[in-house]
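Asks: Quick one: this structure, given as structure tokens, is what I'll be asking you about.
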Amino acid sequence: MLRTAEITAELTGQLGGDDFHNLHWRSQFEFSVDCFICERTGRTTVYERGAERALCSGSRSGFRRHRTAGRIAAYDTTSGKERLVLRALVDFWWAPFEDAKDGRPAQAPTSHPWVRLHLGYCCPKTKESGTDSIQSNLVRPYELRCTHCESLMAADTTAPAIRLLT
């Protein structure tokens, strides 16, 4: 059955002004789902905006990385001088199964949902680009700093939210 999850995240701080790093959400993220193709629970699955399928990490032994039925259905960002917000809707196919390794029943979403969201930026001092990411299992607050000039770009004070819609 088709399931839809909503992922939301917000960064705060002085995102404008003289130290503007053009911090922005990138078009790819990882989201954990139970994969009915390799019959493993809690698989890290890579979603890319515009792609028709997602990529499951598979398992360390046996089933390798493979395409799976999943896509980003909606992707919306909002930015201002003090906030950078992301809202994404993820469609993924889910079917009941028992984990091929330990026999646990699959769930939608997985029993411990997890997401890693990628960011990009450009340092105004060095004119070099950089990347960073936040994920739901980081210790908060988490400070995003420029790897080139060490400026504080934003703070991540609340874990990204994952909510099953259907």
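Here, A, B, ... name the chains of the structure tokens in the order displayed, residue numbers run from 1 inside each chain, and ligands are numbered from 1 in the same displayed order.
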Please list as a list in words every residue within 10 Å of Ala95 of chain A, counting only C-alpha atoms and excluding residues in the same chain fewer than 6 positions away.
Replies: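 So, after excluding close chain neighbours, the residues are Met1, Leu2, Arg3, Asp34, Cys35, Phe36, Ile37, Glu39, Ala106, Gln107 and Ala108 of chain A.
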Asks: Between A:Thr68, A:Ser111, A:Asn137, A:Thr147, which is the closest to Lys125 of chain A once you count only C-alpha atoms?
Replies: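 Comparing A:Thr68, A:Ser111, A:Asn137, A:Thr147 against Lys125 of chain A, the winner is A:Thr147.
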Asks: Using Å and a single decimal, report how far atom CA of Ala155 of chain A sits from atom CA of Arg43 of chain A.
Replies: 27.8 Å
Asks: Quote the spacing between atom CA of Ala161 of chain A and atom CA of Gly120 of chain A in Å to one decimal place.
Replies: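 We find that atom CA of Ala161 of chain A and atom CA of Gly120 of chain A lie 20.4 Å from each other.
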Asks: Between A:Asp18, A:Leu117, A:Ser59, A:Thr12, which residue has the minimum interatomic distance to Tyr47 of chain A, considering only C-alpha atoms?
Replies: A:Leu117
Asks: List as a PDB file with all heavy atoms, in the first residue's frame the protein and nucleic acid residues near Ser57 of chain A, meaning an atom at most 10 Å away when only C-alpha atoms are counted, but skip any in the same chain fewer than 2 places from it.
Replies:
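Written file, result_34.pdb:
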ATOM      1  N   GLU A  30      18.173  11.369   3.253  1.00  0.00           N
ATOM      2  CA  GLU A  30      18.017   9.965   3.610  1.00  0.00           C
ATOM      3  C   GLU A  30      16.914   9.843   4.648  1.00  0.00           C
ATOM      4  O   GLU A  30      16.803  10.679   5.535  1.00  0.00           O
ATOM      5  CB  GLU A  30      19.308   9.391   4.200  1.00  0.00           C
ATOM      6  CG  GLU A  30      20.405   9.226   3.198  1.00  0.00           C
ATOM      7  CD  GLU A  30      21.511  10.249   3.359  1.00  0.00           C
ATOM      8  OE1 GLU A  30      21.224  11.403   3.741  1.00  0.00           O
ATOM      9  OE2 GLU A  30      22.653   9.890   3.109  1.00  0.00           O
ATOM     10  N   SER A  32      14.724   6.619   6.869  1.00  0.00           N
ATOM     11  CA  SER A  32      14.683   5.179   7.165  1.00  0.00           C
ATOM     12  C   SER A  32      13.277   4.629   6.963  1.00  0.00           C
ATOM     13  O   SER A  32      12.301   5.208   7.439  1.00  0.00           O
ATOM     14  CB  SER A  32      15.158   4.914   8.591  1.00  0.00           C
ATOM     15  OG  SER A  32      14.277   5.499   9.518  1.00  0.00           O
ATOM     16  N   CYS A  35      11.975  -1.935   4.142  1.00  0.00           N
ATOM     17  CA  CYS A  35      11.975  -2.221   2.707  1.00  0.00           C
ATOM     18  C   CYS A  35      11.393  -3.604   2.423  1.00  0.00           C
ATOM     19  O   CYS A  35      11.972  -4.616   2.819  1.00  0.00           O
ATOM     20  CB  CYS A  35      13.385  -2.115   2.148  1.00  0.00           C
ATOM     21  SG  CYS A  35      13.470  -2.453   0.382  1.00  0.00           S
ATOM     22  N   CYS A  38      13.961  -5.997  -0.098  1.00  0.00           N
ATOM     23  CA  CYS A  38      15.014  -6.818   0.514  1.00  0.00           C
ATOM     24  C   CYS A  38      14.554  -7.427   1.842  1.00  0.00           C
ATOM     25  O   CYS A  38      15.301  -8.151   2.486  1.00  0.00           O
ATOM     26  CB  CYS A  38      16.311  -6.040   0.673  1.00  0.00           C
ATOM     27  SG  CYS A  38      16.231  -4.573   1.728  1.00  0.00           S
ATOM     28  N   GLY A  42      14.213  -0.920   8.929  1.00  0.00           N
ATOM     29  CA  GLY A  42      15.102   0.194   9.255  1.00  0.00           C
ATOM     30  C   GLY A  42      16.184   0.465   8.230  1.00  0.00           C
ATOM     31  O   GLY A  42      17.299   0.830   8.593  1.00  0.00           O
ATOM     32  N   ARG A  43      15.888   0.353   6.951  1.00  0.00           N
ATOM     33  CA  ARG A  43      16.887   0.604   5.903  1.00  0.00           C
ATOM     34  C   ARG A  43      17.003   2.094   5.631  1.00  0.00           C
ATOM     35  O   ARG A  43      15.998   2.819   5.550  1.00  0.00           O
ATOM     36  CB  ARG A  43      16.512  -0.085   4.582  1.00  0.00           C
ATOM     37  CG  ARG A  43      16.383  -1.591   4.652  1.00  0.00           C
ATOM     38  CD  ARG A  43      17.687  -2.262   4.987  1.00  0.00           C
ATOM     39  NE  ARG A  43      17.784  -2.415   6.423  1.00  0.00           N
ATOM     40  CZ  ARG A  43      18.873  -2.788   7.070  1.00  0.00           C
ATOM     41  NH1 ARG A  43      19.985  -3.021   6.428  1.00  0.00           N
ATOM     42  NH2 ARG A  43      18.891  -2.916   8.364  1.00  0.00           N
ATOM     43  N   THR A  44      18.218   2.569   5.486  1.00  0.00           N
ATOM     44  CA  THR A  44      18.447   3.943   5.055  1.00  0.00           C
ATOM     45  C   THR A  44      18.149   4.007   3.566  1.00  0.00           C
ATOM     46  O   THR A  44      18.738   3.271   2.783  1.00  0.00           O
ATOM     47  CB  THR A  44      19.893   4.373   5.328  1.00  0.00           C
ATOM     48  OG1 THR A  44      20.126   4.324   6.732  1.00  0.00           O
ATOM     49  CG2 THR A  44      20.156   5.773   4.813  1.00  0.00           C
ATOM     50  N   THR A  45      17.218   4.886   3.201  1.00  0.00           N
ATOM     51  CA  THR A  45      16.786   5.006   1.817  1.00  0.00           C
ATOM     52  C   THR A  45      17.050   6.432   1.353  1.00  0.00           C
ATOM     53  O   THR A  45      16.690   7.386   2.035  1.00  0.00           O
ATOM     54  CB  THR A  45      15.289   4.662   1.688  1.00  0.00           C
ATOM     55  OG1 THR A  45      15.082   3.367   2.276  1.00  0.00           O
ATOM     56  CG2 THR A  45      14.850   4.627   0.253  1.00  0.00           C
ATOM     57  N   VAL A  46      17.695   6.576   0.196  1.00  0.00           N
ATOM     58  CA  VAL A  46      18.061   7.888  -0.345  1.00  0.00           C
ATOM     59  C   VAL A  46      16.966   8.364  -1.294  1.00  0.00           C
ATOM     60  O   VAL A  46      16.588   7.640  -2.228  1.00  0.00           O
ATOM     61  CB  VAL A  46      19.414   7.827  -1.085  1.00  0.00           C
ATOM     62  CG1 VAL A  46      19.772   9.187  -1.666  1.00  0.00           C
ATOM     63  CG2 VAL A  46      20.505   7.320  -0.160  1.00  0.00           C
ATOM     64  N   ALA A  54      13.467   5.641  -5.244  1.00  0.00           N
ATOM     65  CA  ALA A  54      14.459   5.874  -4.192  1.00  0.00           C
ATOM     66  C   ALA A  54      15.499   4.754  -4.250  1.00  0.00           C
ATOM     67  O   ALA A  54      15.335   3.773  -4.973  1.00  0.00           O
ATOM     68  CB  ALA A  54      13.771   5.900  -2.832  1.00  0.00           C
ATOM     69  N   LEU A  55      16.559   4.899  -3.470  1.00  0.00           N
ATOM     70  CA  LEU A  55      17.629   3.914  -3.434  1.00  0.00           C
ATOM     71  C   LEU A  55      17.772   3.381  -2.014  1.00  0.00           C
ATOM     72  O   LEU A  55      18.103   4.130  -1.095  1.00  0.00           O
ATOM     73  CB  LEU A  55      18.946   4.542  -3.894  1.00  0.00           C
ATOM     74  CG  LEU A  55      20.151   3.631  -3.976  1.00  0.00           C
ATOM     75  CD1 LEU A  55      19.942   2.533  -5.030  1.00  0.00           C
ATOM     76  CD2 LEU A  55      21.395   4.436  -4.307  1.00  0.00           C
ATOM     77  N   SER A  59      21.347  -4.535   2.678  1.00  0.00           N
ATOM     78  CA  SER A  59      21.893  -5.044   3.935  1.00  0.00           C
ATOM     79  C   SER A  59      23.377  -5.291   3.776  1.00  0.00           C
ATOM     80  O   SER A  59      23.902  -5.398   2.668  1.00  0.00           O
ATOM     81  CB  SER A  59      21.181  -6.334   4.348  1.00  0.00           C
ATOM     82  OG  SER A  59      21.376  -7.330   3.382  1.00  0.00           O
ATOM     83  N   ARG A  60      24.085  -5.367   4.877  1.00  0.00           N
ATOM     84  CA  ARG A  60      25.531  -5.583   4.831  1.00  0.00           C
ATOM     85  C   ARG A  60      25.883  -6.954   4.268  1.00  0.00           C
ATOM     86  O   ARG A  60      26.915  -7.135   3.661  1.00  0.00           O
ATOM     87  CB  ARG A  60      26.123  -5.413   6.220  1.00  0.00           C
ATOM     88  CG  ARG A  60      26.077  -3.975   6.671  1.00  0.00           C
ATOM     89  CD  ARG A  60      26.869  -3.780   7.959  1.00  0.00           C
ATOM     90  NE  ARG A  60      26.786  -2.400   8.354  1.00  0.00           N
ATOM     91  CZ  ARG A  60      26.003  -1.949   9.298  1.00  0.00           C
ATOM     92  NH1 ARG A  60      25.233  -2.762   9.957  1.00  0.00           N
ATOM     93  NH2 ARG A  60      25.992  -0.677   9.604  1.00  0.00           N
ATOM     94  N   PHE A  63      21.722  -8.948   0.262  1.00  0.00           N
ATOM     95  CA  PHE A  63      21.062  -8.019  -0.645  1.00  0.00           C
ATOM     96  C   PHE A  63      21.775  -6.675  -0.669  1.00  0.00           C
ATOM     97  O   PHE A  63      21.949  -6.020   0.342  1.00  0.00           O
ATOM     98  CB  PHE A  63      19.609  -7.840  -0.203  1.00  0.00           C
ATOM     99  CG  PHE A  63      18.651  -7.716  -1.345  1.00  0.00           C
ATOM    100  CD1 PHE A  63      18.020  -8.819  -1.870  1.00  0.00           C
ATOM    101  CD2 PHE A  63      18.386  -6.469  -1.887  1.00  0.00           C
ATOM    102  CE1 PHE A  63      17.133  -8.690  -2.909  1.00  0.00           C
ATOM    103  CE2 PHE A  63      17.505  -6.331  -2.926  1.00  0.00           C
ATOM    104  CZ  PHE A  63      16.867  -7.452  -3.447  1.00  0.00           C
ATOM    105  N   ARG A  64      22.207  -6.237  -1.822  1.00  0.00           N
ATOM    106  CA  ARG A  64      22.942  -4.978  -1.984  1.00  0.00           C
ATOM    107  C   ARG A  64      21.988  -3.803  -2.242  1.00  0.00           C
ATOM    108  O   ARG A  64      20.793  -3.982  -2.378  1.00  0.00           O
ATOM    109  CB  ARG A  64      23.920  -5.109  -3.149  1.00  0.00           C
ATOM    110  CG  ARG A  64      24.919  -6.222  -2.965  1.00  0.00           C
ATOM    111  CD  ARG A  64      26.006  -5.751  -2.046  1.00  0.00           C
ATOM    112  NE  ARG A  64      27.002  -6.810  -1.898  1.00  0.00           N
ATOM    113  CZ  ARG A  64      27.586  -7.103  -0.778  1.00  0.00           C
ATOM    114  NH1 ARG A  64      27.294  -6.442   0.311  1.00  0.00           N
ATOM    115  NH2 ARG A  64      28.482  -8.048  -0.715  1.00  0.00           N
ATOM    116  N   ARG A  65      22.582  -2.619  -2.398  1.00  0.00           N
ATOM    117  CA  ARG A  65      21.797  -1.427  -2.724  1.00  0.00           C
ATOM    118  C   ARG A  65      20.912  -1.701  -3.924  1.00  0.00           C
ATOM    119  O   ARG A  65      21.320  -2.358  -4.875  1.00  0.00           O
ATOM    120  CB  ARG A  65      22.727  -0.268  -3.049  1.00  0.00           C
ATOM    121  CG  ARG A  65      23.493   0.223  -1.844  1.00  0.00           C
ATOM    122  CD  ARG A  65      24.551   1.219  -2.242  1.00  0.00           C
ATOM    123  NE  ARG A  65      23.967   2.339  -2.964  1.00  0.00           N
ATOM    124  CZ  ARG A  65      24.242   3.611  -2.727  1.00  0.00           C
ATOM    125  NH1 ARG A  65      25.097   3.929  -1.810  1.00  0.00           N
ATOM    126  NH2 ARG A  65      23.681   4.560  -3.415  1.00  0.00           N
ATOM    127  N   HIS A  66      19.693  -1.183  -3.866  1.00  0.00           N
ATOM    128  CA  HIS A  66      18.754  -1.431  -4.960  1.00  0.00           C
ATOM    129  C   HIS A  66      17.722  -0.314  -5.020  1.00  0.00           C
ATOM    130  O   HIS A  66      17.509   0.414  -4.042  1.00  0.00           O
ATOM    131  CB  HIS A  66      18.050  -2.784  -4.763  1.00  0.00           C
ATOM    132  CG  HIS A  66      17.312  -2.874  -3.471  1.00  0.00           C
ATOM    133  ND1 HIS A  66      16.006  -2.472  -3.334  1.00  0.00           N
ATOM    134  CD2 HIS A  66      17.703  -3.289  -2.235  1.00  0.00           C
ATOM    135  CE1 HIS A  66      15.620  -2.645  -2.079  1.00  0.00           C
ATOM    136  NE2 HIS A  66      16.638  -3.134  -1.379  1.00  0.00           N
ATOM    137  N   ARG A  67      17.090  -0.187  -6.152  1.00  0.00           N
ATOM    138  CA  ARG A  67      16.010   0.777  -6.323  1.00  0.00           C
ATOM    139  C   ARG A  67      14.779   0.266  -5.598  1.00  0.00           C
ATOM    140  O   ARG A  67      14.569  -0.935  -5.480  1.00  0.00           O
ATOM    141  CB  ARG A  67      15.683   0.978  -7.798  1.00  0.00           C
ATOM    142  CG  ARG A  67      16.816   1.559  -8.593  1.00  0.00           C
ATOM    143  CD  ARG A  67      16.958   3.006  -8.272  1.00  0.00           C
ATOM    144  NE  ARG A  67      18.080   3.590  -9.019  1.00  0.00           N
ATOM    145  CZ  ARG A  67      18.563   4.772  -8.773  1.00  0.00           C
ATOM    146  NH1 ARG A  67      18.043   5.501  -7.822  1.00  0.00           N
ATOM    147  NH2 ARG A  67      19.559   5.245  -9.449  1.00  0.00           N
ATOM    148  N   THR A  68      13.981   1.200  -5.098  1.00  0.00           N
ATOM    149  CA  THR A  68      12.746   0.826  -4.424  1.00  0.00           C
ATOM    150  C   THR A  68      11.655   1.844  -4.747  1.00  0.00           C
ATOM    151  O   THR A  68      11.954   2.944  -5.244  1.00  0.00           O
ATOM    152  CB  THR A  68      12.962   0.713  -2.892  1.00  0.00           C
ATOM    153  OG1 THR A  68      11.811   0.146  -2.280  1.00  0.00           O
ATOM    154  CG2 THR A  68      13.300   2.048  -2.263  1.00  0.00           C
TER     155      THR A  68
END
Asks: Just the residues within 6 Å of segment 83-94 of chain A, please, counting only C-alpha atoms, with nothing from its chain fewer than 3 positions along; format it as a PyMOL selection string.
Replies: chain A and resi 1-12+69-80
Asks: Selection from above, N, CA and C atoms, as a CSV table (one decimal), in the first residue's frame, can you write it?
Replies:
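Generated output (selection37.csv):
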chain,number,residue,atom,x,y,z
A,1,MET,N,0.8,-1.2,0.0
A,1,MET,CA,0.0,0.0,0.0
A,1,MET,C,0.9,1.2,0.0
A,2,LEU,N,0.4,2.3,-0.6
A,2,LEU,CA,1.1,3.5,-0.7
A,2,LEU,C,1.0,4.3,0.6
A,3,ARG,N,2.1,4.7,1.2
A,3,ARG,CA,2.1,5.5,2.4
A,3,ARG,C,2.8,6.8,2.1
A,4,THR,N,2.4,7.8,2.9
A,4,THR,CA,3.0,9.2,2.8
A,4,THR,C,3.4,9.7,4.1
A,5,ALA,N,4.7,10.1,4.2
A,5,ALA,CA,5.2,10.7,5.4
A,5,ALA,C,5.5,12.2,5.2
A,6,GLU,N,5.3,13.0,6.2
A,6,GLU,CA,5.7,14.4,6.1
A,6,GLU,C,7.0,14.6,7.0
A,7,ILE,N,7.9,15.3,6.4
A,7,ILE,CA,9.2,15.6,7.1
A,7,ILE,C,9.3,17.1,7.2
A,8,THR,N,9.5,17.6,8.4
A,8,THR,CA,9.6,19.1,8.5
A,8,THR,C,10.8,19.3,9.4
A,9,ALA,N,11.5,20.4,9.1
A,9,ALA,CA,12.7,20.8,9.8
A,9,ALA,C,12.8,22.4,9.8
A,10,GLU,N,13.4,22.9,10.8
A,10,GLU,CA,13.6,24.4,10.9
A,10,GLU,C,14.9,24.7,11.5
A,11,LEU,N,15.7,25.6,10.9
A,11,LEU,CA,16.9,26.1,11.4
A,11,LEU,C,16.7,27.6,11.8
A,12,THR,N,17.3,28.1,12.8
A,12,THR,CA,17.2,29.5,13.2
A,12,THR,C,18.5,30.1,13.4
A,69,ALA,N,10.4,1.5,-4.5
A,69,ALA,CA,9.3,2.3,-4.8
A,69,ALA,C,9.2,3.4,-3.7
A,70,GLY,N,9.7,4.6,-4.1
A,70,GLY,CA,9.6,5.7,-3.2
A,70,GLY,C,10.0,7.0,-3.9
A,71,ARG,N,9.4,8.1,-3.6
A,71,ARG,CA,9.7,9.4,-4.2
A,71,ARG,C,9.4,10.6,-3.3
A,72,ILE,N,10.0,11.7,-3.6
A,72,ILE,CA,9.6,12.9,-2.9
A,72,ILE,C,8.4,13.5,-3.7
A,73,ALA,N,7.2,13.5,-3.1
A,73,ALA,CA,6.0,14.0,-3.7
A,73,ALA,C,5.9,15.5,-3.7
A,74,ALA,N,6.4,16.1,-2.6
A,74,ALA,CA,6.3,17.6,-2.5
A,74,ALA,C,7.6,18.0,-1.7
A,75,TYR,N,8.1,19.2,-2.1
A,75,TYR,CA,9.3,19.7,-1.5
A,75,TYR,C,9.2,21.2,-1.4
A,76,ASP,N,9.1,21.8,-0.2
A,76,ASP,CA,8.9,23.2,-0.1
A,76,ASP,C,9.8,23.8,0.9
A,77,THR,N,10.5,24.9,0.5
A,77,THR,CA,11.4,25.5,1.5
A,77,THR,C,11.0,27.0,1.7
A,78,THR,N,11.2,27.5,2.8
A,78,THR,CA,10.9,28.9,3.2
A,78,THR,C,12.1,29.4,3.9
A,79,SER,N,12.6,30.6,3.5
A,79,SER,CA,13.7,31.2,4.1
A,79,SER,C,13.4,32.7,4.4
A,80,GLY,N,14.0,33.1,5.5
A,80,GLY,CA,13.9,34.5,5.9
A,80,GLY,C,15.2,34.9,6.6
Asks: Determine which residues of chain A receive a DSSP assignment of strand (DSSP E), computed from the backbone, and state them as a VMD selection string.
Replies: chain A and resid 2 to 12 24 to 35 40 to 48 54 to 56 66 to 68 70 to 79 83 to 93 115 to 122 129 to 135 142 to 145 152 to 156 161 to 164
Asks: What is the atom CA of Arg40 of chain A to atom CA of Pro160 of chain A distance in Å?
Replies: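 For atom CA of Arg40 of chain A relative to atom CA of Pro160 of chain A, the distance reads 23.7 Å.
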Asks: Taking into account only C-alpha atoms, which residue in the set A:Pro141, A:Gly103, A:Gly16, A:Gly58 is nearest to Ala159 of chain A?
Replies: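 Answer, going by the shortest atom-to-atom distance: A:Pro141.
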Asks: Pick from A:Cys146, A:Leu152, A:Ile162, A:Val33: nearest to Cys123 of chain A, with only C-alpha atoms counted?
Replies: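 Distance minimum relative to Cys123 of chain A lands on A:Cys146.
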